[in-house]
Amino acid sequence: MKKILVYIMSVILLVSAGCTDFLTEEVFDMKTSNNFFTKEADLDLAITGVYSTVADVYRQKTIEMLLYNSGAFNKRKSTHDFIGGNYTSLHKDIAEVWQYLYKTIDSTNDLLSNTMKMGDAASEEKKNAIMAEARFLRAWSYFMVVRMFTKGPLKLEPTTSLDNAYVGVSSGETLYDKVIMPDLQYALDFLPDEPINIGRVTKGAAAAVLAKVYITLAGNDENSPYWVQARDMAQWVMTNGGYSLAPDFADLWLTKNTGEAIFEVQFMRGLETGSAYSKLFNPSGSGWSAKNGGWGRCTCTQKNYDDFANLYPGDYRIDVTFTAEYLDVNKNKLTPVYPTDGYNKNSGAWPYIAKWKDPEAPDNAAGDNNFIVIRYADVLLMFAEAENEVNGPTDDAYNAIDEVLNRARNANGTTRLEPANWERTLDKAGFREKVWNERRFELTAEQHLFFDLVRKGWDKFRTFKEDDNAYGRKIVKHGVFERNMYYPIPSLEIAANDSINVSDQNQGY
């Protein structure tokens with residue numbers, strides 16, 4: 001019989017001061033505390049603890065897994081399992097991401113159960129709002145499970161004993177029907193229009209995720225009814241969400257929680273509360289992260305950069321997204337990076353991602369950079385894509401694209417010529433391809449590319465990686481295997497869970 005490991009989960013609850021930051025840490029055990037959930041303030045403390053588990057999901061490993069497997073990124077100077085496509089169910093990063101996702105799910109189940117037991121200790125309005133936040137975060141976690149692992153255990157109740165610690169695998173279709181869709185609809189009904197505190201989700205976030213769910217379900221089927229629902233939900237956000245594009249593209253990476261952010265995971269500089277992005281993306285010696293610089297191990301491929309630069313030469317987003325050169329503070333030397341003349345053909349052959357910098361980070365994975373999971377530009381691009389699939393390239397579809405391109409031309413107060421608005425002469429297929437590329441470039445390194453490739457199907461996934469393999473300098477080529485369109489259920493889960501068998505494993509693993 002498999003050995004079952006059950007933990008009593010303690011969540012880090014960050015007490016808010018004012019409405020600007022998450023601050024002081026305090027640990028509570030939502031399963032066992034007898035003096036918690038006795039007043040409304042406890043609900044805000046508890047939901048903030050659930051957000052801390054979401055931060056665990058996004059601190060580092062999830063982003064690496066998704067970028068390296070997208071066909072557009074390298075791990076500088078070394079091979080990597082996720083680039084080569086030879087990862088297995090034994091990979092520790094896969095187990096870590098799975099555990100963090102289910103830790104979030106378990107946290108939401110605890111909170112929902114305890115909230116419903118509060119009776120008159122909290123108003124119905126307050127309880128509904130908190131449960132809406134919890135159900136949003138549970139739905140997002142399950143949405144990640146489906147898109148990364150295709151399926152997973154369906155858990156809607158707290159883990160209270162060995163009897164319900166582990167359950168069997170449910171299909172992705174079941175997870176959509178039983179938890180993702182109903183939770184998001186509940187969130188749309190009961191979340192507030194404005195965030196209770198910075199970083200807390202609203203109705204707009206629920207609608208934006210619903211749009212993403214529908215566009216995922218539509219897949220590569222031009223006749224899918226989900227296109228209409230995706231368009232309508234994106235349009236709901238555009239009409240009712242109150243969001244707008246940040247005036248300058250660089251603002252997104254210099255300022256936290258802009259008016260463009262719809263769902264932004266909060267981090268705060270420190271060993272327990274910080275993120276790893278400045279370390280992950282910036283070059284060693286740059287001074288843009290802890291210990292004078294980053295690991296610089298997640299870099300863009302030459303093809304991905306050149307595709308962007310060739311389509312939109314002079315695009316300000318290129319300047320903001322990539323590092324063309326940097327001053328090595330250790331050597332006091334200006335160091336060029338591809339495609340800048342004089343770059344080192346071994347160490348400087350791939351553009352660094354420049355979106356996340358924190359020179360004041362005290363240590364690795366301790367940076368102050370937030371992670372924007374969904375922003376308004378993403379919604380505009382989803383609307384344009386879905387509207388094109390429903391009605392062809394209408395003025396409404398072009399107008400949504402124009403809004404993104406107009407902002408891109410604002411280069412720190414100076415208006416550039418590129419990227420020019422598209423000529424309104426495209427057919428449906430041409431518009432579809434241009435939206436696909438616009439998502440690649442506008443959202444570079446923001447975790448969307450892998451999911452966009454998968455929903456477009458195996459042919460797109462395969463040819464995208466093959467085309468990148470045939471272009472430019474490589475340390476290791478992308479693995480081109482259909483099984484890499486998803487990840488395996490971790491061996492650790494199968495070994496520990498009596499309700500999951502090897503036969504439940506995803507095909508190819």
# chains A, B, ... in the order shown; residues from 1 in each chain; ligands from 1
call {"tool": "select_by_dssp", "arguments": {"residues": "segment 139-310 of chain A", "states": "strand (DSSP E or B)", "output": "PyMOL selection string"}}
result
chain A and resi 152-153+169-170+261-265+275+298-300
call {"tool": "write_last_selection", "arguments": {"atoms": "N, CA and C atoms", "output": "compact mmCIF listing (two decimals), in the first residue's frame"}}
result
# COMPACT_ATOMS: atom_id res chain seq x y z
N GLY A 152 -6.41 16.18 -13.46
CA GLY A 152 -5.90 16.15 -12.10
C GLY A 152 -7.01 15.81 -11.12
N PRO A 153 -6.68 15.54 -9.87
CA PRO A 153 -7.69 15.24 -8.86
C PRO A 153 -8.64 16.42 -8.66
N VAL A 169 -7.93 10.82 -10.41
CA VAL A 169 -7.78 11.82 -11.46
C VAL A 169 -9.11 12.05 -12.16
N SER A 170 -9.44 13.32 -12.40
CA SER A 170 -10.59 13.68 -13.21
C SER A 170 -10.09 14.29 -14.52
N ALA A 261 -3.20 46.34 -15.23
CA ALA A 261 -3.12 45.04 -14.56
C ALA A 261 -4.51 44.57 -14.16
N ILE A 262 -4.83 43.35 -14.55
CA ILE A 262 -6.12 42.74 -14.20
C ILE A 262 -5.95 41.70 -13.11
N PHE A 263 -4.91 40.90 -13.21
CA PHE A 263 -4.58 39.90 -12.18
C PHE A 263 -3.07 39.92 -12.04
N GLU A 264 -2.58 40.53 -10.97
CA GLU A 264 -1.16 40.72 -10.76
C GLU A 264 -0.75 40.09 -9.43
N VAL A 265 0.18 39.16 -9.49
CA VAL A 265 0.65 38.47 -8.29
C VAL A 265 1.66 39.36 -7.58
N SER A 275 10.45 37.68 -5.40
CA SER A 275 10.39 36.88 -6.62
C SER A 275 11.78 36.71 -7.21
N CYS A 298 17.60 32.57 -18.64
CA CYS A 298 16.42 32.47 -19.51
C CYS A 298 16.49 33.59 -20.53
N THR A 299 16.98 33.26 -21.72
CA THR A 299 17.20 34.24 -22.77
C THR A 299 16.33 33.92 -23.98
N CYS A 300 16.11 34.94 -24.79
CA CYS A 300 15.28 34.79 -25.99
C CYS A 300 16.10 34.18 -27.12
call {"tool": "residues_around", "arguments": {"residues": "Ser224 of chain A", "least_positions_apart": "4", "cutoff": "12 Å", "atoms": "only C-alpha atoms", "output": "list in words"}}
result
Tyr214, Ile215, Thr216, Leu217, Ala218, Gly219, Asn220, Val228, Gln229, Ala230, Ala386, Glu389 and Val390 of chain A
call {"tool": "write_last_selection", "arguments": {"atoms": "C-alpha atoms", "output": "PDB file, in the first residue's frame"}}
result
ATOM      1  CA  TYR A 214     -13.376  30.142 -23.688  1.00  0.00           C
ATOM      2  CA  ILE A 215     -10.577  30.979 -26.125  1.00  0.00           C
ATOM      3  CA  THR A 216      -8.685  27.938 -24.821  1.00  0.00           C
ATOM      4  CA  LEU A 217     -11.726  25.709 -25.300  1.00  0.00           C
ATOM      5  CA  ALA A 218     -12.208  27.075 -28.819  1.00  0.00           C
ATOM      6  CA  GLY A 219      -8.765  25.758 -29.654  1.00  0.00           C
ATOM      7  CA  ASN A 220      -8.041  25.582 -33.350  1.00  0.00           C
ATOM      8  CA  VAL A 228     -18.586  33.936 -29.377  1.00  0.00           C
ATOM      9  CA  GLN A 229     -18.333  33.477 -25.629  1.00  0.00           C
ATOM     10  CA  ALA A 230     -14.659  34.441 -25.628  1.00  0.00           C
ATOM     11  CA  ALA A 386     -12.243  35.997 -31.187  1.00  0.00           C
ATOM     12  CA  GLU A 389     -13.131  34.096 -35.815  1.00  0.00           C
ATOM     13  CA  VAL A 390     -16.796  35.059 -35.398  1.00  0.00           C
TER      14      VAL A 390
END
call {"tool": "closest_residue", "arguments": {"among": "A:Thr239, A:Asn69, A:Asn370, A:Phe37", "to": "Gln447 of chain A", "atoms": "only C-alpha atoms"}}
result
A:Asn69
call {"tool": "select_by_dssp", "arguments": {"residues": "segment 77-317 of chain A", "states": "alpha helix (DSSP H)", "output": "ChimeraX atom specification"}}
result
/A:81-84,92-116,124-149,172-175,181-190,203-218,226-240,251-254,277-281,302-311,316-317
call {"tool": "closest_residue", "arguments": {"among": "A:Asp306, A:Glu64, A:Asp106, A:Asp319", "to": "Ile94 of chain A", "atoms": "only C-alpha atoms"}}
result
A:Glu64
